[in-house]
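Colleague: Below is start29.cif; it holds mmCIF, C-alpha atoms.
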```cif
data_entry
#
loop_
_atom_site.label_atom_id
_atom_site.label_comp_id
_atom_site.auth_asym_id
_atom_site.auth_seq_id
_atom_site.Cartn_x
_atom_site.Cartn_y
_atom_site.Cartn_z
CA MET B 1 13.21 -0.61 -17.21
CA ALA B 2 14.89 -2.77 -14.57
CA GLU B 3 17.93 -0.50 -14.48
CA LEU B 4 15.73 2.55 -13.94
CA ILE B 5 13.78 0.89 -11.13
CA GLN B 6 17.02 -0.31 -9.54
CA ARG B 7 18.41 3.22 -9.63
CA ALA B 8 15.39 4.42 -7.66
CA VAL B 9 15.14 1.40 -5.35
CA PRO B 10 18.71 0.18 -4.68
CA GLY B 11 17.51 -2.77 -2.60
CA MET B 12 16.06 -4.34 -5.75
CA GLU B 13 19.41 -5.66 -6.94
CA MET B 14 17.63 -8.21 -9.12
CA MET B 15 13.97 -8.22 -10.15
CA ARG B 16 11.33 -9.94 -12.23
CA LEU B 17 8.58 -8.14 -14.09
CA VAL B 18 5.07 -9.60 -13.82
CA SER B 19 1.63 -8.44 -14.97
CA SER B 20 0.05 -7.18 -11.73
CA GLY B 21 0.61 -6.28 -8.11
CA THR B 22 -1.15 -9.48 -7.09
CA GLU B 23 1.40 -11.52 -9.04
CA ALA B 24 4.24 -9.51 -7.51
CA ALA B 25 3.11 -10.21 -3.92
CA MET B 26 2.28 -13.85 -4.63
CA SER B 27 5.68 -14.39 -6.22
CA ALA B 28 7.58 -12.59 -3.47
CA LEU B 29 6.01 -14.86 -0.86
CA ARG B 30 6.94 -17.94 -2.87
CA VAL B 31 10.53 -16.71 -3.07
CA ALA B 32 10.56 -16.04 0.67
CA ARG B 33 9.30 -19.53 1.43
CA GLY B 34 11.75 -21.07 -1.00
CA ALA B 35 14.69 -19.08 0.35
CA THR B 36 13.97 -19.77 4.02
CA GLY B 37 12.46 -23.24 3.84
CA ARG B 38 9.65 -22.02 6.12
CA ASP B 39 5.88 -22.10 5.64
CA PHE B 40 4.29 -19.37 7.75
CA ILE B 41 3.82 -15.78 6.65
CA LEU B 42 2.76 -12.85 8.80
CA LYS B 43 0.58 -10.01 7.52
CA PHE B 44 -1.32 -7.12 9.07
CA GLU B 45 -5.05 -6.76 9.55
CA GLY B 46 -6.52 -4.47 6.91
CA CYS B 47 -3.55 -4.68 4.56
CA TYR B 48 -4.45 -5.96 1.09
CA HIS B 49 -1.80 -7.66 -1.02
CA GLY B 50 -3.86 -8.93 -3.94
CA HIS B 51 -6.15 -11.92 -4.24
CA ALA B 52 -3.69 -14.79 -3.90
CA ASP B 53 -5.04 -17.46 -1.52
CA SER B 54 -2.46 -16.96 1.23
CA LEU B 55 -3.20 -13.24 1.43
CA LEU B 56 -6.99 -13.17 1.61
CA VAL B 57 -6.97 -13.36 5.38
CA LYS B 58 -8.20 -10.25 7.20
CA ALA B 59 -7.54 -8.27 4.04
CA GLY B 60 -8.56 -4.67 3.49
CA SER B 61 -9.85 -3.02 0.31
CA GLY B 62 -13.05 -4.65 -0.97
CA GLY B 63 -13.16 -7.10 1.90
CA ALA B 64 -13.16 -4.22 4.36
CA THR B 65 -15.87 -2.38 2.44
CA PHE B 66 -18.30 -5.27 2.30
CA GLY B 67 -17.53 -6.78 5.71
CA VAL B 68 -16.05 -9.97 4.25
CA PRO B 69 -12.83 -10.66 6.18
CA ASP B 70 -11.92 -13.74 4.13
CA SER B 71 -12.84 -15.27 0.78
CA LEU B 72 -14.64 -18.47 -0.09
CA GLY B 73 -12.39 -20.86 -1.92
CA VAL B 74 -9.37 -20.41 0.34
CA PRO B 75 -8.51 -23.79 1.90
CA PRO B 76 -8.47 -23.63 5.71
CA ALA B 77 -5.14 -25.47 5.77
CA LEU B 78 -3.58 -22.72 3.65
CA ALA B 79 -5.20 -19.90 5.61
CA ALA B 80 -3.80 -21.46 8.80
CA LEU B 81 -0.29 -20.67 7.53
CA THR B 82 -1.07 -16.93 7.48
CA LEU B 83 -0.64 -15.17 10.81
CA THR B 84 -2.28 -11.76 11.30
CA VAL B 85 -1.60 -8.97 13.74
CA PRO B 86 -2.74 -5.32 14.07
CA PHE B 87 -0.91 -2.73 11.97
CA ASN B 88 1.53 -0.57 13.96
CA ASP B 89 1.75 -3.17 16.77
CA LEU B 90 5.36 -4.31 17.17
CA ASP B 91 4.60 -6.22 20.35
CA ALA B 92 2.09 -8.39 18.48
CA VAL B 93 4.65 -9.07 15.75
CA ARG B 94 7.24 -10.01 18.35
CA GLY B 95 4.76 -12.31 20.03
CA GLN B 96 3.94 -14.21 16.83
CA LEU B 97 7.58 -14.59 15.83
CA GLU B 98 8.40 -15.94 19.28
CA ALA B 99 5.37 -18.24 19.25
CA HIS B 100 6.48 -19.72 15.90
CA PRO B 101 10.29 -19.91 16.23
CA GLY B 102 12.06 -20.70 12.98
CA GLN B 103 8.74 -21.07 11.12
CA VAL B 104 7.90 -17.62 9.70
CA ALA B 105 9.24 -17.17 6.18
CA ALA B 106 8.31 -13.52 5.83
CA VAL B 107 6.52 -10.52 7.23
CA ILE B 108 4.68 -8.66 4.46
CA VAL B 109 3.45 -5.12 5.00
CA GLU B 110 2.21 -2.05 3.17
CA PRO B 111 4.76 0.44 4.58
CA VAL B 112 1.98 3.02 4.39
CA ALA B 113 -1.32 1.17 4.57
CA GLY B 114 -3.61 2.13 1.71
CA ASN B 115 -6.36 -0.47 1.71
CA MET B 116 -8.07 0.31 5.02
CA GLY B 117 -7.77 3.93 4.08
CA VAL B 118 -4.40 5.62 4.44
CA VAL B 119 -2.73 4.70 7.73
CA PRO B 120 0.88 5.86 8.15
CA PRO B 121 3.42 3.78 10.05
CA ALA B 122 3.95 4.83 13.64
CA LEU B 123 7.35 6.24 14.52
CA GLY B 124 9.81 3.34 14.62
CA PHE B 125 7.33 0.75 13.34
CA LEU B 126 9.10 -0.06 10.06
CA ALA B 127 12.54 0.03 11.66
CA GLY B 128 11.21 -2.29 14.36
CA LEU B 129 9.98 -4.75 11.73
CA ARG B 130 13.41 -4.68 10.13
CA GLU B 131 15.09 -5.48 13.43
CA LEU B 132 12.63 -8.22 14.43
CA THR B 133 12.69 -10.04 11.09
CA ALA B 134 16.48 -9.95 10.96
CA ARG B 135 16.68 -11.35 14.50
CA HIS B 136 14.30 -14.22 13.72
CA GLY B 137 15.67 -15.07 10.27
CA SER B 138 12.48 -14.02 8.47
CA LEU B 139 12.41 -11.89 5.33
CA LEU B 140 10.79 -8.46 5.33
CA ILE B 141 8.61 -7.72 2.29
CA PHE B 142 7.41 -4.21 1.50
CA ASP B 143 4.31 -4.21 -0.66
CA GLU B 144 4.82 -0.88 -2.41
CA VAL B 145 2.15 -1.44 -5.05
CA ILE B 146 0.51 1.78 -3.82
CA THR B 147 3.43 3.66 -2.28
CA GLY B 148 6.12 2.84 -4.84
CA PHE B 149 6.94 5.96 -6.89
CA ARG B 150 3.94 7.71 -5.30
CA VAL B 151 5.27 8.89 -1.92
CA GLY B 152 8.79 9.38 -3.23
CA TRP B 153 11.22 8.47 -5.98
CA GLY B 154 12.45 5.45 -4.05
CA GLY B 155 9.08 4.66 -2.50
CA ALA B 156 8.25 4.43 1.18
CA GLN B 157 11.50 2.62 1.92
CA ALA B 158 13.44 5.69 0.80
CA LEU B 159 11.06 8.04 2.61
CA TYR B 160 11.41 6.18 5.94
CA GLY B 161 14.96 4.92 5.50
CA VAL B 162 14.22 1.21 5.94
CA ARG B 163 15.37 -1.36 3.37
CA PRO B 164 13.32 -4.56 3.07
CA ASP B 165 14.55 -7.89 1.71
CA LEU B 166 11.94 -7.93 -1.05
CA THR B 167 9.86 -5.20 -2.68
CA CYS B 168 6.62 -5.49 -4.67
CA LEU B 169 5.60 -2.86 -7.22
CA GLY B 170 2.44 -2.53 -9.28
CA LYS B 171 0.82 -0.68 -12.14
CA ILE B 172 2.43 2.64 -11.22
CA ILE B 173 5.60 1.44 -12.94
CA GLY B 174 3.57 1.01 -16.13
CA GLY B 175 1.78 4.33 -16.07
CA GLY B 176 -1.40 2.46 -15.13
CA LEU B 177 -1.00 -0.36 -17.65
CA PRO B 178 -0.93 -4.01 -16.46
CA VAL B 179 2.55 -4.55 -15.03
CA GLY B 180 4.24 -5.23 -11.72
CA ALA B 181 7.62 -6.22 -10.38
CA TYR B 182 9.17 -7.95 -7.40
CA GLY B 183 12.80 -7.94 -6.46
CA GLY B 184 15.37 -7.79 -3.73
CA SER B 185 18.89 -8.79 -2.90
CA ARG B 186 20.83 -10.88 -5.37
CA ALA B 187 21.20 -13.67 -2.78
CA VAL B 188 17.42 -13.99 -2.44
CA MET B 189 16.45 -13.44 -6.09
CA GLU B 190 18.95 -16.00 -7.32
CA ARG B 191 16.55 -18.57 -5.84
CA VAL B 192 14.21 -17.88 -8.80
CA SER B 193 14.34 -20.26 -11.77
CA PRO B 194 16.38 -20.80 -13.87
CA LEU B 195 19.11 -19.90 -11.34
CA GLY B 196 17.24 -21.54 -8.46
CA GLY B 197 14.33 -23.80 -7.68
CA VAL B 198 11.53 -21.23 -7.20
CA TYR B 199 9.43 -21.19 -10.36
CA GLN B 200 7.64 -18.15 -11.76
CA ALA B 201 6.86 -17.23 -15.37
CA GLY B 202 4.27 -15.37 -17.43
CA THR B 203 3.81 -14.83 -21.15
CA LEU B 204 2.85 -11.17 -20.72
CA SER B 205 5.39 -10.38 -18.00
CA GLY B 206 7.37 -7.34 -19.10
CA ASN B 207 5.34 -6.93 -22.29
CA PRO B 208 6.64 -4.12 -24.55
CA LEU B 209 3.53 -1.91 -24.33
CA ALA B 210 3.49 -1.74 -20.52
CA VAL B 211 7.25 -1.31 -20.30
CA ALA B 212 7.26 1.54 -22.82
CA ALA B 213 4.53 3.31 -20.87
CA GLY B 214 6.41 2.63 -17.66
CA LEU B 215 9.64 4.08 -18.94
CA ALA B 216 7.84 7.27 -19.97
CA THR B 217 6.18 7.52 -16.57
CA LEU B 218 9.31 6.88 -14.53
CA ARG B 219 11.37 9.32 -16.58
CA ALA B 220 8.74 11.99 -15.91
CA LEU B 221 8.82 11.23 -12.18
CA GLU B 222 12.62 11.46 -12.11
CA ARG B 223 12.55 15.15 -13.00
CA PRO B 224 13.51 17.67 -10.30
CA GLY B 225 10.69 19.08 -8.20
CA VAL B 226 8.13 16.38 -8.95
CA TYR B 227 7.66 15.10 -5.42
CA GLU B 228 7.80 18.57 -3.91
CA ARG B 229 4.84 19.46 -6.16
CA LEU B 230 2.96 16.30 -5.19
CA GLU B 231 3.50 17.10 -1.51
CA ALA B 232 2.15 20.61 -2.06
CA LEU B 233 -0.91 19.30 -3.89
CA GLY B 234 -1.63 16.78 -1.15
CA ALA B 235 -1.24 19.43 1.54
CA ARG B 236 -3.62 21.71 -0.36
CA VAL B 237 -6.33 19.04 -0.51
CA GLU B 238 -5.85 18.22 3.17
CA ARG B 239 -6.23 21.89 4.11
CA ASP B 240 -9.33 22.38 1.95
CA VAL B 241 -11.08 19.30 3.40
CA THR B 242 -10.12 20.24 6.96
CA GLU B 243 -11.56 23.73 6.55
CA ALA B 244 -14.77 22.44 4.93
CA ALA B 245 -15.32 19.88 7.69
CA ALA B 246 -14.70 22.44 10.43
CA ALA B 247 -17.14 24.89 8.84
CA ALA B 248 -19.82 22.20 8.68
CA GLY B 249 -19.11 20.92 12.19
CA VAL B 250 -18.31 17.43 10.92
CA PRO B 251 -15.65 15.42 12.81
CA VAL B 252 -12.99 14.07 10.47
CA ARG B 253 -9.51 12.63 10.74
CA ILE B 254 -7.34 13.07 7.68
CA ASN B 255 -4.42 10.70 7.26
CA ARG B 256 -1.99 11.80 4.56
CA VAL B 257 1.44 10.83 3.27
CA GLY B 258 2.48 12.94 0.31
CA SER B 259 -0.11 12.76 -2.45
CA MET B 260 -2.17 9.95 -0.89
CA LEU B 261 -4.78 10.62 1.78
CA THR B 262 -8.03 9.41 3.34
CA VAL B 263 -10.76 11.44 4.99
CA PHE B 264 -12.05 9.32 7.87
CA PHE B 265 -15.37 10.37 9.34
CA ALA B 266 -14.15 9.69 12.85
CA ASP B 267 -13.47 11.65 16.04
CA ALA B 268 -10.40 9.68 17.14
CA PRO B 269 -7.05 8.91 15.50
CA VAL B 270 -6.99 6.10 12.93
CA THR B 271 -3.87 4.01 13.44
CA ASP B 272 -4.92 0.46 12.51
CA TYR B 273 -7.74 -1.65 11.07
CA ALA B 274 -9.84 -1.63 14.25
CA SER B 275 -9.83 2.17 14.53
CA ALA B 276 -10.46 2.53 10.78
CA LYS B 277 -13.54 0.31 11.08
CA ARG B 278 -14.96 2.66 13.70
CA ALA B 279 -15.32 5.40 11.08
CA ASP B 280 -18.87 6.46 10.15
CA THR B 281 -19.42 4.73 6.81
CA ALA B 282 -22.96 6.06 6.45
CA ARG B 283 -21.67 9.61 6.68
CA TYR B 284 -18.95 8.80 4.18
CA ALA B 285 -21.62 7.48 1.80
CA ARG B 286 -23.49 10.80 1.97
CA TYR B 287 -20.23 12.64 1.39
CA PHE B 288 -19.34 10.43 -1.58
CA HIS B 289 -22.68 10.97 -3.32
CA ALA B 290 -22.62 14.72 -2.66
CA MET B 291 -19.08 14.98 -4.04
CA ARG B 292 -20.11 13.07 -7.15
CA GLU B 293 -23.06 15.41 -7.63
CA GLY B 294 -20.56 18.24 -7.37
CA GLY B 295 -18.46 16.79 -10.17
CA VAL B 296 -15.78 15.04 -8.08
CA PHE B 297 -15.57 11.27 -8.26
CA LEU B 298 -14.04 9.62 -5.19
CA ALA B 299 -13.61 5.96 -4.35
CA PRO B 300 -17.02 4.79 -3.09
CA SER B 301 -15.52 3.17 0.00
CA GLN B 302 -14.42 4.76 3.25
CA PHE B 303 -11.51 2.30 3.21
CA GLU B 304 -9.82 3.48 0.03
CA ALA B 305 -7.26 6.20 -0.58
CA VAL B 306 -7.51 9.44 -2.53
CA PHE B 307 -4.61 10.23 -4.83
CA VAL B 308 -3.59 13.62 -6.18
CA SER B 309 -1.57 13.55 -9.40
CA LEU B 310 0.65 15.84 -11.42
CA ALA B 311 -2.22 16.14 -13.91
CA HIS B 312 -4.30 18.07 -11.36
CA GLY B 313 -4.13 21.82 -11.75
CA GLU B 314 -5.34 24.86 -9.82
CA ASP B 315 -8.78 24.79 -11.43
CA ASP B 316 -9.24 21.13 -10.50
CA LEU B 317 -8.36 21.65 -6.85
CA ALA B 318 -10.49 24.79 -6.61
CA ALA B 319 -13.47 22.89 -8.03
CA ALA B 320 -12.88 20.03 -5.60
CA ALA B 321 -12.72 22.46 -2.67
CA ARG B 322 -16.06 24.03 -3.68
CA ALA B 323 -17.67 20.59 -3.98
CA CYS B 324 -16.23 19.56 -0.62
CA ARG B 325 -17.79 22.52 1.18
CA GLY B 326 -21.24 21.55 -0.05
CA ALA B 327 -20.65 17.82 0.51
CA MET B 328 -19.63 18.31 4.12
CA GLU B 329 -22.88 20.17 4.77
CA LYS B 330 -24.82 17.22 3.34
CA ALA B 331 -22.74 14.72 5.33
CA ARG B 332 -23.72 16.22 8.68
#
```
Would you write the structure of this file as structure tokens?
Modeller:
Amino acid sequence: MAELIQRAVPGMEMMRLVSSGTEAAMSALRVARGATGRDFILKFEGCYHGHADSLLVKAGSGGATFGVPDSLGVPPALAALTLTVPFNDLDAVRGQLEAHPGQVAAVIVEPVAGNMGVVPPALGFLAGLRELTARHGSLLIFDEVITGFRVGWGGAQALYGVRPDLTCLGKIIGGGLPVGAYGGSRAVMERVSPLGGVYQAGTLSGNPLAVAAGLATLRALERPGVYERLEALGARVERDVTEAAAAAGVPVRINRVGSMLTVFFADAPVTDYASAKRADTARYARYFHAMREGGVFLAPSQFEAVFVSLAHGEDDLAAAARACRGAMEKAR
């Protein structure tokens, strides 16, 4: 399993399997702090990295849906070590790194945001993060729990040509079963016990059931033409929704990267958490219920992503397109 992942994601020279994406992100941050001897981390508003204490600060996903920016039970002293800036804002990142010289262990980011709805990186954003973190001695962590093996065989880092220091993967590598992984360069990962002083362990990490399912999934994804088909399916859904919204006179912005997309009920581009939050959630709610009545079950939150899979066929997409035309009329 590790050899197959490493073949797809060369930057993961060494890795540890865990049981969830939350564990992967939590462990990667611990490694970053242990490797750098620094305490601060920097994350982006609206990006969700699991429910570890350090990461429940201006998180997306459920917190975005219910208007709860933080969680009870997170000590203020710990939250104070998490810096947040807007997604796609390199100047804000630069400002925080300069304001905390030699103190930021890592910058963690969803290379394509998926928990405030899908928000792609602006041109040069990921490369800019790579340059800034290298200059300031901080590690760059890509949380590819959503994008890993979904937007491409090597994940978003292969798609955009930017290699992070650490990568987090989630249940995709187990075909949906409980599994995750984190890994990076040998120099960093050798800090993990028993080679180094950063401790992490789990009885069910790398359990045989999840790994067997993962191997079957990854071998299927390695076949020629897989990602070209996923791109075509995603483009088909985007076109169908765009046409349905235009026919109904409903303003939408569709953000898509490969097979993942979000339909924002908004009349302006969505490029970060603030612009995502300006979307019309009441209209999305009407759309969601109408789609469900039409036989298509979407995520019930405006701030989630839609995923098209290889299991979807022509009949499925045609049915979804028919439901979408009626749902857009009801969403007006």
Colleague: Just the residues within 10 Å of range 32-38 of chain B, please, counting all atoms listed in the file, with nothing from its chain fewer than 3 positions along; format it as a PDB file with C-alpha atoms, keeping the file's coordinate frame.
Modeller:
```
ATOM      1  CA  SER B  27       5.680 -14.390  -6.220  1.00  0.00           C
ATOM      2  CA  ALA B  28       7.580 -12.590  -3.470  1.00  0.00           C
ATOM      3  CA  LEU B  29       6.010 -14.860  -0.860  1.00  0.00           C
ATOM      4  CA  ILE B  41       3.820 -15.780   6.650  1.00  0.00           C
ATOM      5  CA  GLY B 102      12.060 -20.700  12.980  1.00  0.00           C
ATOM      6  CA  GLN B 103       8.740 -21.070  11.120  1.00  0.00           C
ATOM      7  CA  VAL B 104       7.900 -17.620   9.700  1.00  0.00           C
ATOM      8  CA  ALA B 105       9.240 -17.170   6.180  1.00  0.00           C
ATOM      9  CA  ALA B 106       8.310 -13.520   5.830  1.00  0.00           C
ATOM     10  CA  VAL B 107       6.520 -10.520   7.230  1.00  0.00           C
ATOM     11  CA  GLY B 137      15.670 -15.070  10.270  1.00  0.00           C
ATOM     12  CA  SER B 138      12.480 -14.020   8.470  1.00  0.00           C
ATOM     13  CA  LEU B 139      12.410 -11.890   5.330  1.00  0.00           C
ATOM     14  CA  LEU B 140      10.790  -8.460   5.330  1.00  0.00           C
ATOM     15  CA  ILE B 141       8.610  -7.720   2.290  1.00  0.00           C
ATOM     16  CA  ASP B 165      14.550  -7.890   1.710  1.00  0.00           C
ATOM     17  CA  LEU B 166      11.940  -7.930  -1.050  1.00  0.00           C
ATOM     18  CA  ALA B 187      21.200 -13.670  -2.780  1.00  0.00           C
ATOM     19  CA  VAL B 188      17.420 -13.990  -2.440  1.00  0.00           C
ATOM     20  CA  MET B 189      16.450 -13.440  -6.090  1.00  0.00           C
ATOM     21  CA  GLU B 190      18.950 -16.000  -7.320  1.00  0.00           C
ATOM     22  CA  ARG B 191      16.550 -18.570  -5.840  1.00  0.00           C
ATOM     23  CA  VAL B 192      14.210 -17.880  -8.800  1.00  0.00           C
ATOM     24  CA  GLY B 196      17.240 -21.540  -8.460  1.00  0.00           C
ATOM     25  CA  GLY B 197      14.330 -23.800  -7.680  1.00  0.00           C
ATOM     26  CA  VAL B 198      11.530 -21.230  -7.200  1.00  0.00           C
ATOM     27  CA  TYR B 199       9.430 -21.190 -10.360  1.00  0.00           C
TER      28      TYR B 199
END
```
Colleague: Write out as AutoDock Vina command-line options an axis-aligned box for range 74-77 of chain B: all of its atoms listed in the file, 4 Å added on each side, centre and edge lengths in Å with one decimal.
Modeller:
```
--center_x -7.3 --center_y -22.9 --center_z 3.1 --size_x 12.2 --size_y 13.1 --size_z 13.4
```
Colleague: Which is closer to Asn88 in chain B than all the others in B:Glu23, B:Glu314, B:Asp272, B:Glu110, using only C-alpha atoms?
Modeller: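 Using only C-alpha atoms, the shortest distance to Asn88 in chain B belongs to B:Asp272.
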Colleague: Skipping near chain neighbours, those fewer than 4 positions away, what residues fall within 7 Å of Leu215 in chain B using all atoms listed in the file, listed as a ChimeraX atom specification?
Modeller: /B:1,211,219
Colleague: So that I have them on file, write out the residues from the current selection with C-alpha atoms, as a compact mmCIF listing (two decimals), in the frame of the given file.
Modeller:
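Written file, part-v5.txt:
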```txt
# COMPACT_ATOMS: atom_id res chain seq x y z
CA MET B 1 13.21 -0.61 -17.21
CA VAL B 211 7.25 -1.31 -20.30
CA ARG B 219 11.37 9.32 -16.58
```
Colleague: Using only C-alpha atoms for the distances, tell me which of B:Val93, B:Ala268, B:Met12, B:Leu317 is nearest to Asp240 in chain B.
Modeller: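 That would be B:Leu317, the residue with the smallest distance to Asp240 in chain B.
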Colleague: Evaluate the PyMOL selection byres ((chain B and resi 228) around 12) here and jot the selected residues down as a PDB file with C-alpha atoms, in the coordinates of the input.
Modeller:
```pdb
ATOM      1  CA  ARG B 150       3.940   7.710  -5.300  1.00  0.00           C
ATOM      2  CA  VAL B 151       5.270   8.890  -1.920  1.00  0.00           C
ATOM      3  CA  GLY B 152       8.790   9.380  -3.230  1.00  0.00           C
ATOM      4  CA  TRP B 153      11.220   8.470  -5.980  1.00  0.00           C
ATOM      5  CA  LEU B 221       8.820  11.230 -12.180  1.00  0.00           C
ATOM      6  CA  GLU B 222      12.620  11.460 -12.110  1.00  0.00           C
ATOM      7  CA  ARG B 223      12.550  15.150 -13.000  1.00  0.00           C
ATOM      8  CA  PRO B 224      13.510  17.670 -10.300  1.00  0.00           C
ATOM      9  CA  GLY B 225      10.690  19.080  -8.200  1.00  0.00           C
ATOM     10  CA  VAL B 226       8.130  16.380  -8.950  1.00  0.00           C
ATOM     11  CA  TYR B 227       7.660  15.100  -5.420  1.00  0.00           C
ATOM     12  CA  ARG B 229       4.840  19.460  -6.160  1.00  0.00           C
ATOM     13  CA  LEU B 230       2.960  16.300  -5.190  1.00  0.00           C
ATOM     14  CA  GLU B 231       3.500  17.100  -1.510  1.00  0.00           C
ATOM     15  CA  ALA B 232       2.150  20.610  -2.060  1.00  0.00           C
ATOM     16  CA  LEU B 233      -0.910  19.300  -3.890  1.00  0.00           C
ATOM     17  CA  GLY B 234      -1.630  16.780  -1.150  1.00  0.00           C
ATOM     18  CA  ALA B 235      -1.240  19.430   1.540  1.00  0.00           C
ATOM     19  CA  GLY B 258       2.480  12.940   0.310  1.00  0.00           C
ATOM     20  CA  SER B 259      -0.110  12.760  -2.450  1.00  0.00           C
ATOM     21  CA  SER B 309      -1.570  13.550  -9.400  1.00  0.00           C
ATOM     22  CA  LEU B 310       0.650  15.840 -11.420  1.00  0.00           C
TER      23      LEU B 310
END
```
Colleague: Which residues are close to Val109 in chain B, i.e. within 6 Å by all atoms listed in the file, leaving aside same-chain residues fewer than 2 positions away? Reply as a PyMOL selection string.
Modeller: chain B and resi 111+142-143
Colleague: Please report the interatomic distance between CA of Pro178 in chain B and CA of Ala201 in chain B in Å with one decimal.
Modeller: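 Result for CA of Pro178 in chain B versus CA of Ala201 in chain B: 15.4 Å, one decimal.
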Colleague: Using all atoms listed in the file, can you tell me which of B:Pro120, B:Gly184, B:Pro251, B:Pro76 comes closest to Arg16 in chain B?
Modeller: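 Distance minimum relative to Arg16 in chain B lands on B:Gly184.
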Colleague: Just how far from CA of Val145 in chain B is CA of Ala285 in chain B, in Å to one decimal?
Modeller: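 So the two atoms, CA of Ala285 in chain B and CA of Val145 in chain B, lie 26.3 Å apart.
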Colleague: To one decimal in Å, tell me the separation between CA of Gly175 in chain B and CA of Val9 in chain B.
Modeller: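 Taking CA of Gly175 in chain B and CA of Val9 in chain B, their separation equals 17.4 Å.
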